[in-house]
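Novice: Next up is a structure, given as C-alpha cells.
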Amino acid sequence: MQQIVSTDAPATAGRFGTLLDGFRQRFDAELAAWTASRRRRFAAEVPEADELAEAVDRLAAAGGKRLRPALVWFTWRACGGRGEGSEEADDVRPLALASELLHTYLLVHDDIMDHAATRRGLPTAHAELARRHGERGWRGDAADFGRSAAILVGDLAHTWAHELVADAARRLPPGRAEAVQAAFAATAREVLAGQYLEVVLAQRGEATEDDLGRVLRLKSGAYTVERPMQLGALAAGAAAELTVPLSAYGRAVGEAFQLQDDLLGSFGDEAETGKPAASDLAEGKVTWLVHHALASAPDAGAAELRAALGSGELAAERVARLRRILVDCGAVARVRAMIAERLDTACAALAGLDGRLGADGSDFLAGLVDFVAERRR
C-alpha cells in the first residue's frame with residue numbers, strides 16, 4: 001500500500017494511539033456517568049427493569065475500541081470544531097455517546113443471532129440473563145428467557161441512543177439538527193438492512209459479488225466509519241468541499257475495516273478477538289474470503305469448506321485444515337489486496353484535503369489508515 005498521507009508510519013501510528021487513548025479515557029467517564037443517570041431514572045419507574053439497564057451499562061462499560069464515537073469527535077475537530085472545555089463541544093458529545101449506544105444495541109442483538117456465549121471477555125447479555133433465570137429457580141426455559149430479555153436490553157440501548165440524538169438536535173441550529181437526525185436514522189436503517197442481507201446469504205449458502213458488495217457497503221463501509229464521520233462533519237457545519245472527500249475516505253476505510261474483520265473471523269487469535277477460532281466459518285457467514293475460496297480452491301477443499309459453513313463449533317484440527325485451504329487457494333491474498341486498494345483510496349482522499357483539516361482530526365484520520373491495516377482484534 002502506498003503511503004500518500006503518512007511518510008512516517010510509526011510516528012503517525014503513535015500520534016493516533018495517543019489521540020485515541022486520550023479520547024477513550026474521557027469518553028468512558030462520560031458514558032459511565034450518562035448511563036448511570038439514565039439507569040437510576042429507569043429503575044425508579046420500574047425497579048425490576050433495572051436488570052435491563054444494568055446489562056446495557058455492563059456491555060457499554062466493558063470496553064471496545066470506541067472507534068465510532070472517536071470518529072464523530074475527531075471529524076468534528078477536523079472540520080473546525082473546538083476542543084475539550086469549549087461550549088461547542090457539548091453540541092457533539094451526545095452524538096458520540098449515541099453512536100456507541102447504537103453499537104451496543106446491535107451487538108446485543110447480533111450475539112443472540114449468532115448464539116454467542118461471550119462478548120468483550122464477558123458473558124453475552126442473553127447468556128447472563130439465562131444464567132440468572134436458572135439461578136433463581138424461575139419457571140420456564142432459561143435460554144428462552146435470556147433471549148427475550150436480551151432483545152429488550154438491545155431495545156433499551158437503541159432508545160437511549162435516540163434520546164441522545166434528540167439532545168444534540170436541541171443544541172444545534174435547525175438546519176444542522178435536521179441533517180444530523182436524518183444521518184443517524186440512515187445509519188440504523190442501513191446497518192439493519194446489511195445485517196439482514198448477511199443472514200439471507202448465510203441461509204442461501206452462496207452470494208454474488210454484488211451481494212457481498214452491498215453487505216460490505218451497508219454493514220461496515222457506512223456504519224463503521226462513513227456515517228460517524230458524517231455526524232461529526234454535520235455537527236460542525238462543514239461545507240461540501242470537505243464532506244464529499246471525507247465521505248469517500250470513510251467509505252473506503254470502513255470497507256477495509258470489515259474485510260480485515262473477515263480475516264480475523266477466520267484467522268484471529270481467540271485471546272485477542274474474544275471470539276472462538278474461525279467463528280465466521282462456524283456461523284456460516286459467506287464473506288469475501290469464503291467467496292474467493294469457494295471459487296478458487298480445488299474441488300476437495302471447496303467441498304470441505306462448504307461442509308464446515310454453519311456447522312457449529314469446529315475442532316482445532318479442522319480449523320487448521322480450513323485455514324490452510326483459505327491460504328493455499330489464494331483467497332487470503334485476494335482479500336488483503338482488496339484491503340490495500342481501499343486504504344490507498346482513503347489515503348488519496350485525505351491527501352486531497354491537505355491543509356484544510358484541523359490538526360488533531362487530520363492526525364487521527366491519517367493514523368486510522370495504519371490502524372486498520374495492522375489491527376489484530
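Order determines the names: the first chain of the C-alpha cells is A, the second B, and so forth; residues in each chain are numbered 1 upward, and ligands are numbered 1 upward as they are shown.
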Find the residues around Ala183 (chain A) up to 10 Å (only C-alpha atoms counted), leave out those fewer than 4 positions away in its own chain, and share them as a list of chain:residue names.
Specialist: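 Skipping anything fewer than 4 positions along the chain leaves A:Ala177, A:Glu178, A:Ala179, A:Thr187, A:Ala188, A:Arg189, A:Arg227, A:Pro228, A:Gln230, A:Leu231, A:Leu234.
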Novice: Generate a file of the selected residues that holds C-alpha atoms, formatted as a compact mmCIF listing (two decimals), in the first residue's frame.
Specialist:
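The result, written out as part-v9.txt:
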# COMPACT_ATOMS: atom_id res chain seq x y z
CA ALA A 177 -30.19 19.45 13.64
CA GLU A 178 -32.38 18.04 10.87
CA ALA A 179 -29.36 16.82 8.89
CA THR A 187 -27.12 4.76 9.91
CA ALA A 188 -29.53 2.48 11.77
CA ARG A 189 -31.57 1.72 8.66
CA ARG A 227 -21.73 7.71 8.91
CA PRO A 228 -19.98 8.52 12.24
CA GLN A 230 -20.78 12.42 8.66
CA LEU A 231 -22.34 13.09 12.08
CA LEU A 234 -22.65 17.90 10.03
Novice: What lies within 7 Å of region 204-213 of chain A using only C-alpha atoms, ignoring chain neighbours under 3 positions off, as number ranges by chain?
Specialist: A: 200-201, 216-217, 286-288
Novice: Output C-alpha atoms for every residue in that selection, as a PDB file, in the first residue's frame.
Specialist:
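Wrote result-v9.pdb, looks like this:
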ATOM      1  CA  VAL A 200     -30.108 -14.286   3.998  1.00  0.00           C
ATOM      2  CA  LEU A 201     -26.829 -15.045   2.227  1.00  0.00           C
ATOM      3  CA  LEU A 216     -19.749  -4.549   2.790  1.00  0.00           C
ATOM      4  CA  ARG A 217     -21.061  -1.075   1.999  1.00  0.00           C
ATOM      5  CA  VAL A 286     -20.486 -16.003   3.387  1.00  0.00           C
ATOM      6  CA  THR A 287     -17.757 -13.355   3.351  1.00  0.00           C
ATOM      7  CA  TRP A 288     -15.482 -12.164   0.556  1.00  0.00           C
TER       8      TRP A 288
END
Novice: Would you list, as number ranges by chain, the residues of region 115-268 of chain A that end up in helix (DSSP H, G or I) under DSSP run on this structure's backbone?
Specialist: A: 125-136, 142-171, 174-204, 209-236, 240-267
Novice: Would you mind telling me which residue in A:Arg171, A:Arg139, A:His103, A:His115 lies nearest to Gly154 (chain A) when using only C-alpha atoms?
Specialist: A:His103
Novice: Taking the chain letters and numbering used in this document, name the residues of region 90-324 of chain A that DSSP puts in strand (DSSP E or B), as a PyMOL selection string.
Specialist: chain A and resi 118-119+122-123
Novice: Write to file, as a PDB file, in the first residue's frame, the residues of the selection just made, with C-alpha atoms.
Specialist:
ATOM      1  CA  THR A 118     -19.115 -14.226  25.249  1.00  0.00           C
ATOM      2  CA  ARG A 119     -18.548 -10.633  24.197  1.00  0.00           C
ATOM      3  CA  LEU A 122     -17.837 -11.283  29.454  1.00  0.00           C
ATOM      4  CA  PRO A 123     -20.970 -13.423  29.107  1.00  0.00           C
TER       5      PRO A 123
END
Novice: Go through A:Ala331, A:Ile151, A:Ala297, A:Ala373 one by one, measure the shortest atom-to-atom distance of each to Asp110 (chain A) using only C-alpha atoms, and give the residue with the smallest value.
Specialist: A:Ile151
Novice: Between A:Arg58, A:Arg356, A:Lys219, A:His133, single out the one closest to Glu190 (chain A), counting only C-alpha atoms.
Specialist: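 Once distances to Glu190 (chain A) are computed over only C-alpha atoms, the minimum belongs to A:Lys219.
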Novice: Would you please work out which residue, of A:Val108, A:Ala202, A:Ala320, A:Leu19, is nearest to Phe74 (chain A) when using only C-alpha atoms?
Specialist: A:Leu19
